[in-house]
Each structure stands twice: as structure tokens, then as C-alpha cells.
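Undergrad: My structure is stored as my_file.pdb, with PDB, C-alpha atoms.
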```
ATOM      1  CA  MET A   1       0.000   0.000   0.000
ATOM      2  CA  LYS A   2       1.401   3.382  -1.061
ATOM      3  CA  GLN A   3       1.156   6.331   1.371
ATOM      4  CA  ARG A   4       0.005   9.703   0.120
ATOM      5  CA  GLY A   5       1.255  13.088   1.272
ATOM      6  CA  PHE A   6       4.042  15.582   0.855
ATOM      7  CA  THR A   7       7.660  14.974   1.645
ATOM      8  CA  ILE A   8       9.470  17.267   4.055
ATOM      9  CA  VAL A   9      11.479  18.727   1.148
ATOM     10  CA  GLU A  10       8.314  19.658  -0.724
ATOM     11  CA  LEU A  11       6.872  21.313   2.376
ATOM     12  CA  LEU A  12      10.084  23.271   2.966
ATOM     13  CA  ILE A  13      10.082  24.525  -0.632
ATOM     14  CA  VAL A  14       6.504  25.773  -0.294
ATOM     15  CA  ILE A  15       7.303  27.488   3.031
ATOM     16  CA  VAL A  16      10.370  29.219   1.521
ATOM     17  CA  VAL A  17       8.388  30.441  -1.493
ATOM     18  CA  ILE A  18       5.654  31.839   0.777
ATOM     19  CA  ALA A  19       8.284  33.554   2.969
ATOM     20  CA  ILE A  20       9.924  35.176  -0.065
ATOM     21  CA  LEU A  21       6.565  36.463  -1.339
ATOM     22  CA  ALA A  22       5.700  37.822   2.111
ATOM     23  CA  ALA A  23       9.057  39.617   2.377
ATOM     24  CA  ILE A  24       8.599  41.242  -1.033
ATOM     25  CA  THR A  25       5.092  42.393  -0.098
ATOM     26  CA  ILE A  26       6.229  43.896   3.217
ATOM     27  CA  VAL A  27       9.092  45.817   1.586
ATOM     28  CA  ALA A  28       6.796  47.166  -1.138
ATOM     29  CA  TYR A  29       4.175  48.187   1.447
ATOM     30  CA  ASN A  30       6.733  50.054   3.577
ATOM     31  CA  GLY A  31       7.942  51.968   0.522
ATOM     32  CA  ILE A  32       4.383  52.991  -0.302
ATOM     33  CA  GLN A  33       3.813  54.240   3.249
ATOM     34  CA  GLY A  34       6.997  56.322   3.115
ATOM     35  CA  ARG A  35       6.046  57.884  -0.215
ATOM     36  CA  ALA A  36       2.566  58.649   1.127
ATOM     37  CA  LYS A  37       4.024  60.431   4.172
ATOM     38  CA  ASP A  38       6.391  62.395   1.935
ATOM     39  CA  SER A  39       3.513  63.374  -0.320
ATOM     40  CA  THR A  40       1.662  64.655   2.759
ATOM     41  CA  ARG A  41       4.774  66.558   3.834
ATOM     42  CA  LEU A  42       5.112  68.273   0.457
ATOM     43  CA  SER A  43       1.417  69.118   0.429
ATOM     44  CA  ASP A  44       1.730  70.568   3.943
ATOM     45  CA  MET A  45       4.794  72.577   2.921
ATOM     46  CA  THR A  46       2.925  74.003  -0.072
ATOM     47  CA  ALA A  47       0.033  75.017   2.189
ATOM     48  CA  ILE A  48       2.431  76.627   4.686
ATOM     49  CA  ARG A  49       4.207  78.505   1.899
ATOM     50  CA  LYS A  50       0.887  79.862   0.620
ATOM     51  CA  ALA A  51      -0.066  80.968   4.144
ATOM     52  CA  LEU A  52       3.357  82.619   4.533
ATOM     53  CA  GLU A  53       2.731  84.606   1.344
ATOM     54  CA  LEU A  54      -0.733  85.640   2.580
ATOM     55  CA  TYR A  55       0.820  86.743   5.881
ATOM     56  CA  LYS A  56       3.487  88.733   4.027
ATOM     57  CA  THR A  57       0.865  90.411   1.839
ATOM     58  CA  ALA A  58      -1.103  91.465   4.920
ATOM     59  CA  ASN A  59       1.881  92.419   7.126
ATOM     60  CA  GLY A  60       4.711  93.413   4.791
ATOM     61  CA  GLN A  61       7.076  90.680   5.919
ATOM     62  CA  TYR A  62       7.098  87.055   6.953
ATOM     63  CA  PRO A  63       6.248  86.144  10.564
ATOM     64  CA  GLU A  64       8.865  86.214  13.282
ATOM     65  CA  GLU A  65       9.463  82.829  14.881
ATOM     66  CA  ASN A  66       7.888  82.261  18.301
ATOM     67  CA  ALA A  67      11.065  81.831  20.347
ATOM     68  CA  ALA A  68      13.483  84.041  18.346
ATOM     69  CA  SER A  69      15.242  80.901  17.142
ATOM     70  CA  TRP A  70      14.419  78.086  14.767
ATOM     71  CA  GLU A  71      10.806  77.096  15.209
ATOM     72  CA  TYR A  72      10.174  73.334  15.144
ATOM     73  CA  SER A  73       6.869  71.509  14.828
ATOM     74  CA  THR A  74       8.000  69.054  17.517
ATOM     75  CA  THR A  75       8.644  71.705  20.184
ATOM     76  CA  ASP A  76       5.057  72.847  20.526
ATOM     77  CA  PRO A  77       2.821  71.507  17.745
ATOM     78  CA  GLN A  78      -0.095  73.689  18.873
ATOM     79  CA  ASN A  79       1.977  76.870  18.438
ATOM     80  CA  PHE A  80       4.115  75.935  15.421
ATOM     81  CA  LEU A  81       3.885  78.968  13.123
ATOM     82  CA  SER A  82       0.957  80.255  15.182
ATOM     83  CA  ALA A  83       1.098  83.592  13.332
ATOM     84  CA  LEU A  84      -0.356  81.774  10.300
ATOM     85  CA  LYS A  85      -3.541  80.662  12.078
ATOM     86  CA  PRO A  86      -5.651  83.440  10.488
ATOM     87  CA  TYR A  87      -4.554  82.178   7.061
ATOM     88  CA  MET A  88      -5.004  78.431   7.586
ATOM     89  CA  THR A  89      -7.698  76.386   9.273
ATOM     90  CA  LYS A  90      -5.014  74.253  10.898
ATOM     91  CA  ILE A  91      -1.228  74.587  10.842
ATOM     92  CA  PRO A  92       0.062  71.216   9.679
ATOM     93  CA  VAL A  93       2.717  69.250  11.510
ATOM     94  CA  ASP A  94       4.782  66.368  10.204
ATOM     95  CA  PRO A  95       2.926  63.011   9.997
ATOM     96  CA  ALA A  96       5.445  61.487  12.442
ATOM     97  CA  ASN A  97       6.415  64.763  14.205
ATOM     98  CA  ASP A  98       9.138  63.316  16.392
ATOM     99  CA  ALA A  99      12.847  63.980  16.944
ATOM    100  CA  ASN A 100      13.679  62.650  13.466
ATOM    101  CA  ASN A 101      10.702  63.935  11.455
ATOM    102  CA  PHE A 102       9.565  67.552  11.739
ATOM    103  CA  TYR A 103       8.995  70.886  10.012
ATOM    104  CA  TYR A 104      11.219  73.869  10.766
ATOM    105  CA  TYR A 105      11.081  77.607  10.089
ATOM    106  CA  TYR A 106      13.330  80.620  10.643
ATOM    107  CA  LEU A 107      13.167  84.267   9.597
ATOM    108  CA  TYR A 108      16.594  85.788   8.908
ATOM    109  CA  ASP A 109      17.400  89.500   8.960
ATOM    110  CA  ALA A 110      18.350  91.199   5.698
ATOM    111  CA  GLY A 111      21.963  90.525   4.777
ATOM    112  CA  SER A 112      22.322  87.609   7.197
ATOM    113  CA  ALA A 113      25.213  85.240   6.833
ATOM    114  CA  ALA A 114      24.974  81.543   7.510
ATOM    115  CA  TRP A 115      27.210  78.647   6.571
ATOM    116  CA  GLY A 116      29.645  80.901   4.775
ATOM    117  CA  VAL A 117      27.125  82.638   2.523
ATOM    118  CA  THR A 118      25.883  86.202   2.988
ATOM    119  CA  CYS A 119      22.555  87.003   1.403
ATOM    120  CA  PRO A 120      22.117  90.411  -0.288
ATOM    121  CA  VAL A 121      20.791  93.148   2.028
ATOM    122  CA  GLY A 122      18.689  94.584  -0.775
ATOM    123  CA  ARG A 123      16.549  91.456  -0.953
ATOM    124  CA  GLY A 124      15.305  92.055   2.611
ATOM    125  CA  LYS A 125      14.493  89.561   5.326
ATOM    126  CA  PHE A 126      14.037  85.978   4.258
ATOM    127  CA  TYR A 127      12.688  82.753   5.650
ATOM    128  CA  VAL A 128      13.782  79.154   5.408
ATOM    129  CA  LEU A 129      11.086  76.474   5.714
ATOM    130  CA  GLY A 130      11.939  72.795   5.698
ATOM    131  CA  ALA A 131      10.730  69.273   6.289
ATOM    132  CA  TRP A 132      13.273  67.060   8.028
ATOM    133  CA  GLY A 133      13.136  63.267   7.958
ATOM    134  CA  LEU A 134      11.721  62.339   4.576
ATOM    135  CA  ASP A 135      11.006  58.637   4.188
ATOM    136  CA  ALA A 136      11.549  58.176   0.453
ATOM    137  CA  GLY A 137      15.337  58.514   0.666
ATOM    138  CA  GLY A 138      15.965  60.710  -2.327
ATOM    139  CA  GLY A 139      12.568  60.269  -3.916
ATOM    140  CA  ILE A 140      11.689  63.943  -3.430
ATOM    141  CA  THR A 141      12.496  65.946  -6.510
ATOM    142  CA  SER A 142      10.118  68.882  -6.199
ATOM    143  CA  SER A 143      12.112  70.745  -3.534
ATOM    144  CA  PRO A 144      14.106  73.460  -5.299
ATOM    145  CA  GLY A 145      16.214  74.027  -2.226
ATOM    146  CA  TRP A 146      17.258  77.454  -1.155
ATOM    147  CA  ASN A 147      20.050  79.791  -2.108
ATOM    148  CA  CYS A 148      20.594  83.451  -1.578
ATOM    149  CA  GLU A 149      20.634  84.636  -5.142
ATOM    150  CA  ASN A 150      21.644  83.688  -8.656
ATOM    151  CA  GLY A 151      23.131  80.285  -7.989
ATOM    152  CA  SER A 152      25.028  81.259  -4.837
ATOM    153  CA  THR A 153      24.407  77.800  -3.451
ATOM    154  CA  VAL A 154      24.763  77.204   0.249
ATOM    155  CA  PRO A 155      27.238  74.463   1.281
ATOM    156  CA  THR A 156      25.816  70.940   1.470
ATOM    157  CA  ASN A 157      26.039  70.762   5.267
ATOM    158  CA  SER A 158      23.380  73.449   5.532
ATOM    159  CA  SER A 159      19.757  73.084   6.581
ATOM    160  CA  TRP A 160      18.971  75.112   3.463
ATOM    161  CA  VAL A 161      19.907  72.385   0.998
ATOM    162  CA  PRO A 162      17.515  69.546   0.075
ATOM    163  CA  THR A 163      18.833  66.020   0.426
ATOM    164  CA  GLY A 164      17.268  62.596   0.534
ATOM    165  CA  ALA A 165      16.343  63.403   4.135
ATOM    166  CA  ARG A 166      14.821  66.869   3.759
ATOM    167  CA  ALA A 167      12.952  69.298   1.521
ATOM    168  CA  VAL A 168      13.667  73.029   1.828
ATOM    169  CA  TRP A 169      12.132  76.269   0.552
ATOM    170  CA  GLY A 170      12.751  79.924   1.229
ATOM    171  CA  SER A 171      11.829  83.393   0.043
ATOM    172  CA  PHE A 172      12.864  87.037   0.451
ATOM    173  CA  THR A 173      10.639  89.822   1.730
ATOM    174  CA  ASN A 174      11.589  92.152  -1.144
TER     175      ASN A 174
END
```
Give the structure from the file, written as C-alpha cells.
TA:
Amino acid sequence: MKQRGFTIVELLIVIVVIAILAAITIVAYNGIQGRAKDSTRLSDMTAIRKALELYKTANGQYPEENAASWEYSTTDPQNFLSALKPYMTKIPVDPANDANNFYYYYLYDAGSAAWGVTCPVGRGKFYVLGAWGLDAGGGITSSPGWNCENGSTVPTNSSWVPTGARAVWGSFTN
């Protein structure tokens, strides 16, 4: 009488194939989540930039930061860019909003120097707005970065320069 069933080798092959398919699915899913968060971040940044322009139109310059230093969405999410509240229903914060993923903002005085680059006084005050901790790892291409003027690019160690980990925008008052 012949016994029916699978051999241990056949079972192991099926288990390995299922494990490989599961691993591929998990990796693909994680990549999709990261791109979705980054898409939200870029959408939030666009909304913040529009509100900054509305604020400037109404007040003649961009808002001062709350604590006279870089303003971070993680420090006090309720008060991040609170000056923009009249121009937005809700000020967005990063989807993760932790020590590694946050938005940041700073208003520089006209002619300020940072990281070895001095911006022209005649352009007026300027802000830098960024999203730190992007998930896509270089998948963001819509961030133009920030420089003072006419290709005077800030060194790559600066918070003004987009990388795989951050998107950055800025604008002058004048």
C-alpha cells in the first residue's frame, strides 16, 4: 500500500516560497507608506508657503518665529507657526512629528550670513522652511532648495539644501 502526502522537502520549498513572497510584499508596502508620508509633507509645505505669502501680503514681511530661534513643529505643535492661524484652518505638523521627522522655520534678517554665505541686504528679510526626515530617501524631486541669489548655493552641510532626508524652501521679503 502506497502512502500519500508531501515529503518534508516539498513542504520546505513551499514554506520558503511563501516567505519570499511575504518579504517582497512587506518591503513594497513600507515603501508605499513612506512615499505617502512624503507626499503629505510636500502638500503641507505648499500650504504653509501659501499661508506665509498671505501673511506677508497682509503684514509686509514674513512672521517672526515664536522663540526668536528656529521654530520646530515638535517643540510645541499647537503653536508651530501660530502667526499663520488666520490664514489656515489648521497649521500642519509632520505626519510622524518626532525627533527625526519635523517641520522647521526661521526668519533671517536682511543681509544675514549663515554657513559661509551672505545674502544680499537689498533682498530684505528671508525665511527658510523645511521638512526634516523624509522617508523616500531621495525620492523627493520637487524641492528646489534654497540659495541666496543667482546660484550662490549654500554648502551641502546646511539646513537650506535639500537632500534625501529633507525638503527646503525659502523666500525674500523684497
Undergrad: Check what the PyMOL selection byres ((chain A and resi 42-52) around 7) selects in the file above and give those residues as a PyMOL selection string.
TA: chain A and resi 38-41+53-56+62+84+87-88+92
Undergrad: So how many Å separate CA of Ala110 in chain A and CA of Val128 in chain A, to one decimal?
TA: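 Value for the CA of Ala110 in chain A-CA of Val128 in chain A distance: 12.9 Å.
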Undergrad: Would you pick out the contacts of range 73-79 of chain A at 9 Å or less, using only C-alpha atoms, so that residues sharing its chain but fewer than 2 positions from it are not included, and give the list as a list in words?
TA: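 Selected residues are Asn66, Glu71, Leu81, Ser82, Ala83, Ile91, Pro92, Val93, Asp94, Asn97, Asp98, Ala99, Asn101, Phe102, Tyr103, Tyr104 and Tyr105 of chain A.
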Undergrad: Just say which residues the PyMOL selection byres ((chain A and resi 107) around 9) picks in this file, as a list of chain:residue names.
TA: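 Given this file, the PyMOL selection byres ((chain A and resi 107) around 9) evaluates to A:Tyr62, A:Pro63, A:Glu64, A:Glu65, A:Ala68, A:Ser69, A:Trp70, A:Tyr105, A:Tyr106, A:Tyr108, A:Asp109, A:Lys125, A:Phe126, A:Tyr127, A:Val128, A:Leu129.
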Undergrad: Given the file shown, determine the residues that the PyMOL selection byres ((chain A and resi 123) around 6) selects; report them as a PyMOL selection string.
TA: chain A and resi 120-122+124+172+174
Undergrad: CA of Asp135 in chain A to CA of Gly34 in chain A: how many Å, to one decimal?
TA: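 For CA of Asp135 in chain A relative to CA of Gly34 in chain A, the distance reads 4.8 Å.
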Undergrad: With all atoms listed in the file as the counted atoms, please give the residues lying no more than 10 Å from Asn100 in chain A, apart from itself and same-chain residues fewer than 6 positions off, as a ChimeraX atom specification.
TA: /A:74,132-134,165
Undergrad: One decimal, Å: what's the distance from CA of Gly130 in chain A over to CA of Ala167 in chain A, could you say?
TA: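 Calculated distance between CA of Gly130 in chain A and CA of Ala167 in chain A is 5.5 Å.
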